[in-house]
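Below is one structure, written out as C-alpha cells; comments come after it.
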Amino acid sequence: MGDAMRVLVTGGAGYLGCHVVLALLTAGHDVDVVDDFTRGTPASLSRVEALAHRQVTSHAADVADLDAMERIFATARFDAVVHLAGLRSAVECTDRVLDAYETNLATTFALLRCMAWYGVQRFVMSSSAAVYGASDDDAPLAETAPLAPVSPLGRTLVTNENLLADLARTGAVRVAVVRCFSTAGAHRSGRIGEVAKAPGAGLLARIGHVAAGHRPHLTVHGGDHPTPDGSAVRDFVHVDDVAEGHVAALEALDATSQPVSTWNLGTGRASSVLDVVRTFERVSGRTVPHRIIDGPARTVSRTIADTTRSTADLGWSARRDLEQICQDHWRWQQANPQGYPPTMTPEMPWRGGVGHRLRLVPPLPTRPSAPASSGP
Ligand SMILES: NC(=O)c1ccc[n+]([C@@H]2O[C@H](COP(=O)([O-])OP(=O)(O)OC[C@H]3O[C@@H](n4cnc5c(N)ncnc54)[C@H](O)[C@@H]3O)[C@@H](O)[C@H]2O)c1
C-alpha cells in the first residue's frame with residue numbers, strides 16, 4: 001500500500017462500517033468515525049479497537065447536518081472520506097421514501113461541501129447492487145450494465161453516483177464507487193457482525209436468529225422466481241471481503257487516471273436463498289424452518305456480479321466462500337445472541353450501559369474559504 005491516510009468513515013458503527021474501519025486500521029490507516037448511532041452502536045467500535053489494538057476517534061453527529069460536519073472537518077486534516085451512512089434497507093426505503101432520499105442524499109451533499117471547504121479530495125462511496133436492474137438472462141452484471149434500479153433505495157444510490165460523477169468530472173474530487181453485492185457473515189473473531197433485529201437485516205442474520213431459536217421460522221419471499229429452486233438467486237459476499245474491497249478501492253484512487261472509478265464487490269458465484277438455508281443448516285447442525293410466501297415478486301430474481309474489473313484494477317477478489325460466511329455468522333450469533341450490549345455515553349443518554357469514548361463536536365470554526373468579514 002501507499003502512505004497511511006487519515007480516513008473519515010461515515011456510518012462506521014454500523015454492520016458493514018465497523019468491518020471497514022477494522023480493515024482500514026489493519027492496513028495501517030488512521031480512522032475517525034462519524035455516526036449518529038441510530039442504527040450502529042459505539043460497542044461495535046470498542047470491539048474493533050480491541051481487535052486492531054488501535055484507537056478510533058468517534059464523532060456523534062448526523063452526517064446530513066452541515067454545521068456539525070463542518071465542526072468535525074475542522075478537528076483534523078482528513079485525507080479521504082469513506083461514506084456508508086444511510087438507510088440500507090430496500091423495504092424501509094420503499095416505505096419511507098422521503099426519509100430515504102433525505103438521508104441518502106443530504107449526507108452526501110454535506111460531505112461534499114465540507115470536502116470542498118477543507119480540501120479533501122478522495123471519496124469512496126459504498127453503493128450497492130441495487131443500482132442494477134434484473135439480470136434474468138443469467139449473465140453476471142458488469143459495471144457497464146444499464147442502471148435500472150427497481151427500488152427507491154437503488155434510485156437514491158444512482159442519484160448519488162450521478163452527482164459524484166458530475167462533480168468528479170470538474171476535478172473537485174476523485175471518486176471510487178464500490179457496488180457491494182449481498183454482504184453477509186461476520187468477522188472470524190465473532191466479535192463484530194450483523195444484528196438480526198436491525199431494520200433491513202440481511203438473510204444470514206435472519207437465518208441465524210431462527211437457527212438460534214429466537215424466531216419460529218424464516219419467511220422466504222417468492223418461491224416462483226424463474227430460478228432452479230424458485231427462490232431468488234444472489235451473489236453472497238463475505239463482509240470482510242467487502243471491507244477489504246473498500247480499502248483496495250481507496251488505495252487505488254491515486255493510481256487511476258479516471259475522475260470516477262466504479263468497482264463491483266461480489267464473488268461472481270450464484271446461490272439461491274434456499275441454498276443458503278441448506279448450507280447454514282449443514283454448518284450449524286441446526287434446522288432452519290422456513291415458509292415460502294408467493295405473490296408478486298418484491299425484487300429481481302437474480303443478481304450476480306461480474307468481478308473482472310475489480311480483480312484487474314484492484315487485485316481484489318473475494319477469498320471467503322458461502323460456507324465460511326455461514327460459519328462466521330453462526331459464531332457471531334452464538335456469542336452475541338442479543339447483538340451488542342447496550343451502550344451509554346454523556347452524548348447519548350437515550351441508550352443504557354457502558355460506552356465507547358465519543359468526541360464532543362467543537363464550536364463552528366471560521367470556514368477557510370469564506371470571504372473575510374467586511375465589518376458589522
Ligand atoms: N449490508 C449490506 O448488505 C450492504 C450492501 C450493499 C451496500 N451497502 C452499503 O453500506 C452502507 C451501510 O450498510 P450497513 O449494512 O452497514 O447498514 P447499517 O444500518 O448497519 O449502518 C449504517 C450506519 O449509518 C448510521 N447512520 C445512518 N444515517 C446516518 C446519518 N444521517 N448520520 C450519521 N450516521 C448515520 C447508522 O447509525 C449506522 O451505524 C449502506 O448504506 C449501503 O450504502 C450495504
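Residue numbers start at 1 in each chain; chains themselves are named A, B, ... in the order of the C-alpha cells; ligands are numbered from 1 in the order shown.
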
Write out as a ChimeraX atom specification each polymer residue whose atoms come within 6 Å of Val260 in chain A, counting only C-alpha atoms; drop sequence neighbours fewer than 2 positions from it. /A:165,175-176,258

Give me, as a ChimeraX atom specification, all polymer residues having an atom no more than 9 Å from range 193-201 of chain A, counting only C-alpha atoms and skipping those fewer than 6 positions away in the same chain. /A:14-16,18-19,39,44,87-92,184-187,207-209,239,328-329,332-333,336,338-340

Every residue of range 100-203 of chain A that DSSP places in strand (DSSP E), as a PDB file with C-alpha atoms, in the first residue's frame:
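Full text of selection_16.pdb as output:
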```
ATOM      1  CA  ARG A 122     -10.635  11.305  -2.047  1.00  0.00           C
ATOM      2  CA  PHE A 123     -14.154   9.914  -1.700  1.00  0.00           C
ATOM      3  CA  VAL A 124     -15.208   6.274  -1.555  1.00  0.00           C
ATOM      4  CA  MET A 125     -18.957   5.741  -1.939  1.00  0.00           C
ATOM      5  CA  SER A 126     -20.378   2.491  -0.645  1.00  0.00           C
ATOM      6  CA  SER A 127     -23.050   1.757  -3.223  1.00  0.00           C
ATOM      7  CA  SER A 128     -24.883  -1.430  -3.950  1.00  0.00           C
ATOM      8  CA  ARG A 174     -11.578  11.780  -7.014  1.00  0.00           C
ATOM      9  CA  VAL A 175     -14.270   9.166  -6.523  1.00  0.00           C
ATOM     10  CA  ALA A 176     -14.353   5.408  -6.106  1.00  0.00           C
ATOM     11  CA  VAL A 177     -17.808   3.846  -6.184  1.00  0.00           C
ATOM     12  CA  VAL A 178     -17.911   0.319  -4.784  1.00  0.00           C
ATOM     13  CA  ARG A 179     -21.084  -1.611  -5.587  1.00  0.00           C
ATOM     14  CA  CYS A 180     -21.457  -4.180  -2.820  1.00  0.00           C
ATOM     15  CA  SER A 182     -25.269  -9.285  -0.870  1.00  0.00           C
ATOM     16  CA  THR A 183     -22.952  -8.614   2.037  1.00  0.00           C
ATOM     17  CA  ALA A 184     -23.130 -11.295   4.725  1.00  0.00           C
TER      18      ALA A 184
END
```

Set the distance at 10 Å and use only C-alpha atoms: which residues neighbour Met115 in chain A once local chain neighbours fewer than 5 positions away are removed? I'd like the list as a PyMOL selection string. chain A and resi 69-70+73+78-81+109-110+120-123+172-173

Go ahead and dump the residues you just picked, all heavy atoms, as a short mmCIF file (atom, residue, chain, number, x, y, z; two decimals), in the first residue's frame.
```cif
data_model
loop_
_atom_site.label_atom_id
_atom_site.label_comp_id
_atom_site.auth_asym_id
_atom_site.auth_seq_id
_atom_site.Cartn_x
_atom_site.Cartn_y
_atom_site.Cartn_z
N MET A 69 -21.00 18.68 10.65
CA MET A 69 -19.93 18.08 9.85
C MET A 69 -18.77 19.04 9.67
O MET A 69 -17.60 18.65 9.71
CB MET A 69 -20.48 17.66 8.47
CG MET A 69 -21.43 16.49 8.54
SD MET A 69 -20.75 15.09 9.44
CE MET A 69 -19.40 14.65 8.41
N GLU A 70 -19.10 20.33 9.54
CA GLU A 70 -18.01 21.29 9.37
C GLU A 70 -17.14 21.34 10.63
O GLU A 70 -15.92 21.45 10.56
CB GLU A 70 -18.58 22.67 9.04
CG GLU A 70 -17.46 23.61 8.64
CD GLU A 70 -17.93 24.95 8.12
OE1 GLU A 70 -19.15 25.20 8.07
OE2 GLU A 70 -17.06 25.75 7.76
N PHE A 73 -14.81 18.37 10.39
CA PHE A 73 -13.73 18.56 9.41
C PHE A 73 -12.67 19.53 9.95
O PHE A 73 -11.51 19.46 9.57
CB PHE A 73 -14.28 19.06 8.07
CG PHE A 73 -14.70 17.94 7.14
CD1 PHE A 73 -15.88 17.23 7.36
CD2 PHE A 73 -13.92 17.57 6.05
CE1 PHE A 73 -16.27 16.20 6.52
CE2 PHE A 73 -14.29 16.53 5.20
CZ PHE A 73 -15.48 15.85 5.45
N PHE A 78 -8.28 15.47 7.13
CA PHE A 78 -8.59 14.14 6.58
C PHE A 78 -8.01 14.01 5.18
O PHE A 78 -8.03 14.96 4.39
CB PHE A 78 -10.11 13.92 6.52
CG PHE A 78 -10.76 13.94 7.88
CD1 PHE A 78 -11.76 14.87 8.18
CD2 PHE A 78 -10.38 13.05 8.87
CE1 PHE A 78 -12.35 14.92 9.42
CE2 PHE A 78 -10.98 13.09 10.13
CZ PHE A 78 -11.95 14.02 10.40
N ASP A 79 -7.53 12.82 4.87
CA ASP A 79 -7.03 12.53 3.52
C ASP A 79 -8.12 11.96 2.64
O ASP A 79 -8.00 11.99 1.41
CB ASP A 79 -5.88 11.52 3.59
CG ASP A 79 -4.71 12.08 4.39
OD1 ASP A 79 -4.16 13.11 3.98
OD2 ASP A 79 -4.36 11.49 5.44
N ALA A 80 -9.15 11.38 3.26
CA ALA A 80 -10.19 10.70 2.46
C ALA A 80 -11.45 10.52 3.30
O ALA A 80 -11.40 10.53 4.54
CB ALA A 80 -9.68 9.32 2.03
N VAL A 81 -12.55 10.36 2.59
CA VAL A 81 -13.84 10.04 3.22
C VAL A 81 -14.34 8.73 2.63
O VAL A 81 -14.29 8.54 1.40
CB VAL A 81 -14.87 11.17 2.96
CG1 VAL A 81 -16.26 10.75 3.40
CG2 VAL A 81 -14.45 12.46 3.67
N PHE A 109 -24.41 15.35 0.19
CA PHE A 109 -24.23 16.80 -0.05
C PHE A 109 -23.35 17.42 1.03
O PHE A 109 -22.42 18.16 0.74
CB PHE A 109 -25.58 17.52 -0.05
CG PHE A 109 -26.39 17.33 -1.29
CD1 PHE A 109 -27.72 16.97 -1.21
CD2 PHE A 109 -25.83 17.53 -2.54
CE1 PHE A 109 -28.48 16.79 -2.36
CE2 PHE A 109 -26.58 17.35 -3.70
CZ PHE A 109 -27.92 16.98 -3.60
N ALA A 110 -23.68 17.13 2.29
CA ALA A 110 -22.94 17.76 3.40
C ALA A 110 -21.46 17.37 3.34
O ALA A 110 -20.58 18.21 3.54
CB ALA A 110 -23.57 17.37 4.73
N VAL A 120 -10.40 18.24 0.93
CA VAL A 120 -10.29 16.77 0.96
C VAL A 120 -10.78 16.26 -0.40
O VAL A 120 -11.87 16.63 -0.84
CB VAL A 120 -11.14 16.17 2.10
CG1 VAL A 120 -10.97 14.66 2.16
CG2 VAL A 120 -10.77 16.81 3.43
N GLN A 121 -9.99 15.42 -1.04
CA GLN A 121 -10.32 15.08 -2.43
C GLN A 121 -10.73 13.64 -2.67
O GLN A 121 -11.35 13.35 -3.68
CB GLN A 121 -9.14 15.42 -3.32
CG GLN A 121 -8.96 16.93 -3.48
CD GLN A 121 -8.45 17.29 -4.85
OE1 GLN A 121 -7.42 16.76 -5.25
NE2 GLN A 121 -9.16 18.14 -5.56
N ARG A 122 -10.34 12.73 -1.76
CA ARG A 122 -10.63 11.31 -2.05
C ARG A 122 -11.96 10.91 -1.40
O ARG A 122 -12.15 11.12 -0.19
CB ARG A 122 -9.52 10.41 -1.50
CG ARG A 122 -8.15 10.68 -2.11
CD ARG A 122 -7.12 9.72 -1.51
NE ARG A 122 -5.77 10.09 -1.85
CZ ARG A 122 -5.01 10.94 -1.15
NH1 ARG A 122 -5.49 11.51 -0.03
NH2 ARG A 122 -3.78 11.20 -1.51
N PHE A 123 -12.82 10.29 -2.20
CA PHE A 123 -14.15 9.91 -1.70
C PHE A 123 -14.47 8.49 -2.16
O PHE A 123 -14.42 8.20 -3.36
CB PHE A 123 -15.20 10.89 -2.27
CG PHE A 123 -16.57 10.77 -1.65
CD1 PHE A 123 -16.92 11.56 -0.57
CD2 PHE A 123 -17.51 9.89 -2.15
CE1 PHE A 123 -18.19 11.47 0.01
CE2 PHE A 123 -18.78 9.79 -1.58
CZ PHE A 123 -19.11 10.59 -0.50
N ALA A 172 -12.97 18.38 -8.87
CA ALA A 172 -13.07 18.76 -7.45
C ALA A 172 -12.79 17.58 -6.52
O ALA A 172 -12.30 17.78 -5.40
CB ALA A 172 -14.46 19.33 -7.16
N VAL A 173 -13.14 16.38 -6.94
CA VAL A 173 -12.94 15.18 -6.10
C VAL A 173 -12.50 14.02 -6.99
O VAL A 173 -12.72 14.03 -8.20
CB VAL A 173 -14.25 14.74 -5.38
CG1 VAL A 173 -14.53 15.54 -4.15
CG2 VAL A 173 -15.44 14.75 -6.34
#
```

Using DSSP on the backbone coordinates, identify all residues within range 231-310 of chain A classified as alpha helix (DSSP H); present the result as a ChimeraX atom specification. /A:239-252,273-284,308-310

Mind writing the picked residues with C-alpha atoms as a short mmCIF file (atom, residue, chain, number, x, y, z; two decimals), in the first residue's frame?
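Saved as part03.cif:
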```
data_model
loop_
_atom_site.label_atom_id
_atom_site.label_comp_id
_atom_site.auth_asym_id
_atom_site.auth_seq_id
_atom_site.Cartn_x
_atom_site.Cartn_y
_atom_site.Cartn_z
CA VAL A 239 -18.38 -8.80 4.86
CA ASP A 240 -14.60 -8.96 5.42
CA ASP A 241 -14.04 -9.34 1.67
CA VAL A 242 -16.31 -6.33 1.07
CA ALA A 243 -14.46 -4.35 3.75
CA GLU A 244 -11.08 -5.21 2.19
CA GLY A 245 -12.54 -4.15 -1.19
CA HIS A 246 -13.28 -0.68 0.25
CA VAL A 247 -9.63 -0.38 1.37
CA ALA A 248 -8.35 -1.59 -2.01
CA ALA A 249 -10.58 0.95 -3.80
CA LEU A 250 -9.36 3.78 -1.56
CA GLU A 251 -5.72 2.84 -2.07
CA ALA A 252 -6.20 2.56 -5.85
CA VAL A 273 -31.93 -18.29 -0.81
CA LEU A 274 -32.70 -21.98 -0.27
CA ASP A 275 -29.02 -22.89 -1.00
CA VAL A 276 -28.05 -20.55 1.82
CA VAL A 277 -30.59 -22.10 4.19
CA ARG A 278 -29.25 -25.61 3.42
CA THR A 279 -25.60 -24.54 3.79
CA PHE A 280 -26.36 -22.84 7.09
CA GLU A 281 -28.16 -25.94 8.38
CA ARG A 282 -25.16 -28.11 7.49
CA VAL A 283 -22.62 -25.76 9.07
CA SER A 284 -24.59 -25.10 12.26
CA THR A 308 -13.44 -8.92 -13.88
CA ARG A 309 -12.77 -5.21 -13.47
CA SER A 310 -12.22 -5.25 -9.69
#
```

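Nearest to Cys114 in chain A of all the residues A:Val150, A:Leu314, A:Ile72, A:Leu25 is A:Ile72, counting only C-alpha atoms.
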
One decimal place gives the CA of Trp263 in chain A-CA of Thr26 in chain A separation as 21.7 Å

Just the residues within 8 Å of Val220 in chain A, please, counting only C-alpha atoms, with nothing from its chain fewer than 2 positions along; format it as a PyMOL selection string. chain A and resi 218+222-223+231+273+290-293

Based on the selection just made, write N, CA, C and O atoms of those residues as a PDB file, in the first residue's frame.
```
ATOM      1  N   LEU A 218     -38.226 -18.859   9.231  1.00  0.00           N
ATOM      2  CA  LEU A 218     -37.743 -17.825   8.306  1.00  0.00           C
ATOM      3  C   LEU A 218     -38.807 -17.629   7.225  1.00  0.00           C
ATOM      4  O   LEU A 218     -39.333 -18.611   6.695  1.00  0.00           O
ATOM      5  N   GLY A 222     -41.097 -15.105  -2.129  1.00  0.00           N
ATOM      6  CA  GLY A 222     -41.018 -15.517  -3.532  1.00  0.00           C
ATOM      7  C   GLY A 222     -40.475 -16.918  -3.681  1.00  0.00           C
ATOM      8  O   GLY A 222     -39.314 -17.191  -3.387  1.00  0.00           O
ATOM      9  N   GLY A 223     -41.342 -17.824  -4.130  1.00  0.00           N
ATOM     10  CA  GLY A 223     -40.910 -19.190  -4.415  1.00  0.00           C
ATOM     11  C   GLY A 223     -41.148 -19.531  -5.873  1.00  0.00           C
ATOM     12  O   GLY A 223     -41.013 -20.691  -6.273  1.00  0.00           O
ATOM     13  N   SER A 231     -36.454 -19.903  -5.596  1.00  0.00           N
ATOM     14  CA  SER A 231     -36.132 -18.774  -4.710  1.00  0.00           C
ATOM     15  C   SER A 231     -35.133 -17.854  -5.416  1.00  0.00           C
ATOM     16  O   SER A 231     -34.463 -18.256  -6.373  1.00  0.00           O
ATOM     17  N   VAL A 273     -31.592 -18.436  -2.230  1.00  0.00           N
ATOM     18  CA  VAL A 273     -31.929 -18.292  -0.806  1.00  0.00           C
ATOM     19  C   VAL A 273     -32.001 -19.673  -0.153  1.00  0.00           C
ATOM     20  O   VAL A 273     -31.486 -19.881   0.962  1.00  0.00           O
ATOM     21  N   HIS A 290     -38.618 -22.865   7.432  1.00  0.00           N
ATOM     22  CA  HIS A 290     -38.889 -21.681   6.613  1.00  0.00           C
ATOM     23  C   HIS A 290     -40.226 -21.818   5.908  1.00  0.00           C
ATOM     24  O   HIS A 290     -40.694 -22.926   5.654  1.00  0.00           O
ATOM     25  N   ARG A 291     -40.839 -20.670   5.651  1.00  0.00           N
ATOM     26  CA  ARG A 291     -42.114 -20.609   4.923  1.00  0.00           C
ATOM     27  C   ARG A 291     -41.912 -19.741   3.705  1.00  0.00           C
ATOM     28  O   ARG A 291     -41.378 -18.639   3.810  1.00  0.00           O
ATOM     29  N   ILE A 292     -42.374 -20.274   2.587  1.00  0.00           N
ATOM     30  CA  ILE A 292     -42.240 -19.511   1.343  1.00  0.00           C
ATOM     31  C   ILE A 292     -43.540 -18.765   1.096  1.00  0.00           C
ATOM     32  O   ILE A 292     -44.619 -19.355   1.122  1.00  0.00           O
ATOM     33  N   ILE A 293     -43.441 -17.445   0.923  1.00  0.00           N
ATOM     34  CA  ILE A 293     -44.622 -16.638   0.636  1.00  0.00           C
ATOM     35  C   ILE A 293     -44.571 -16.280  -0.842  1.00  0.00           C
ATOM     36  O   ILE A 293     -43.654 -15.574  -1.287  1.00  0.00           O
TER      37      ILE A 293
END
```

Restricting the calculation to only C-alpha atoms, which member of A:Arg319, A:Arg191, A:Arg215, A:Arg302 is positioned closest to Gln334 in chain A?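 Selected residue with least distance to Gln334 in chain A: A:Arg191.
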
Would you mind telling me which residue in A:Gly266, A:Gly11, A:Gly154, A:Pro259 lies nearest to Tyr101 in chain A when using only C-alpha atoms? A:Gly154
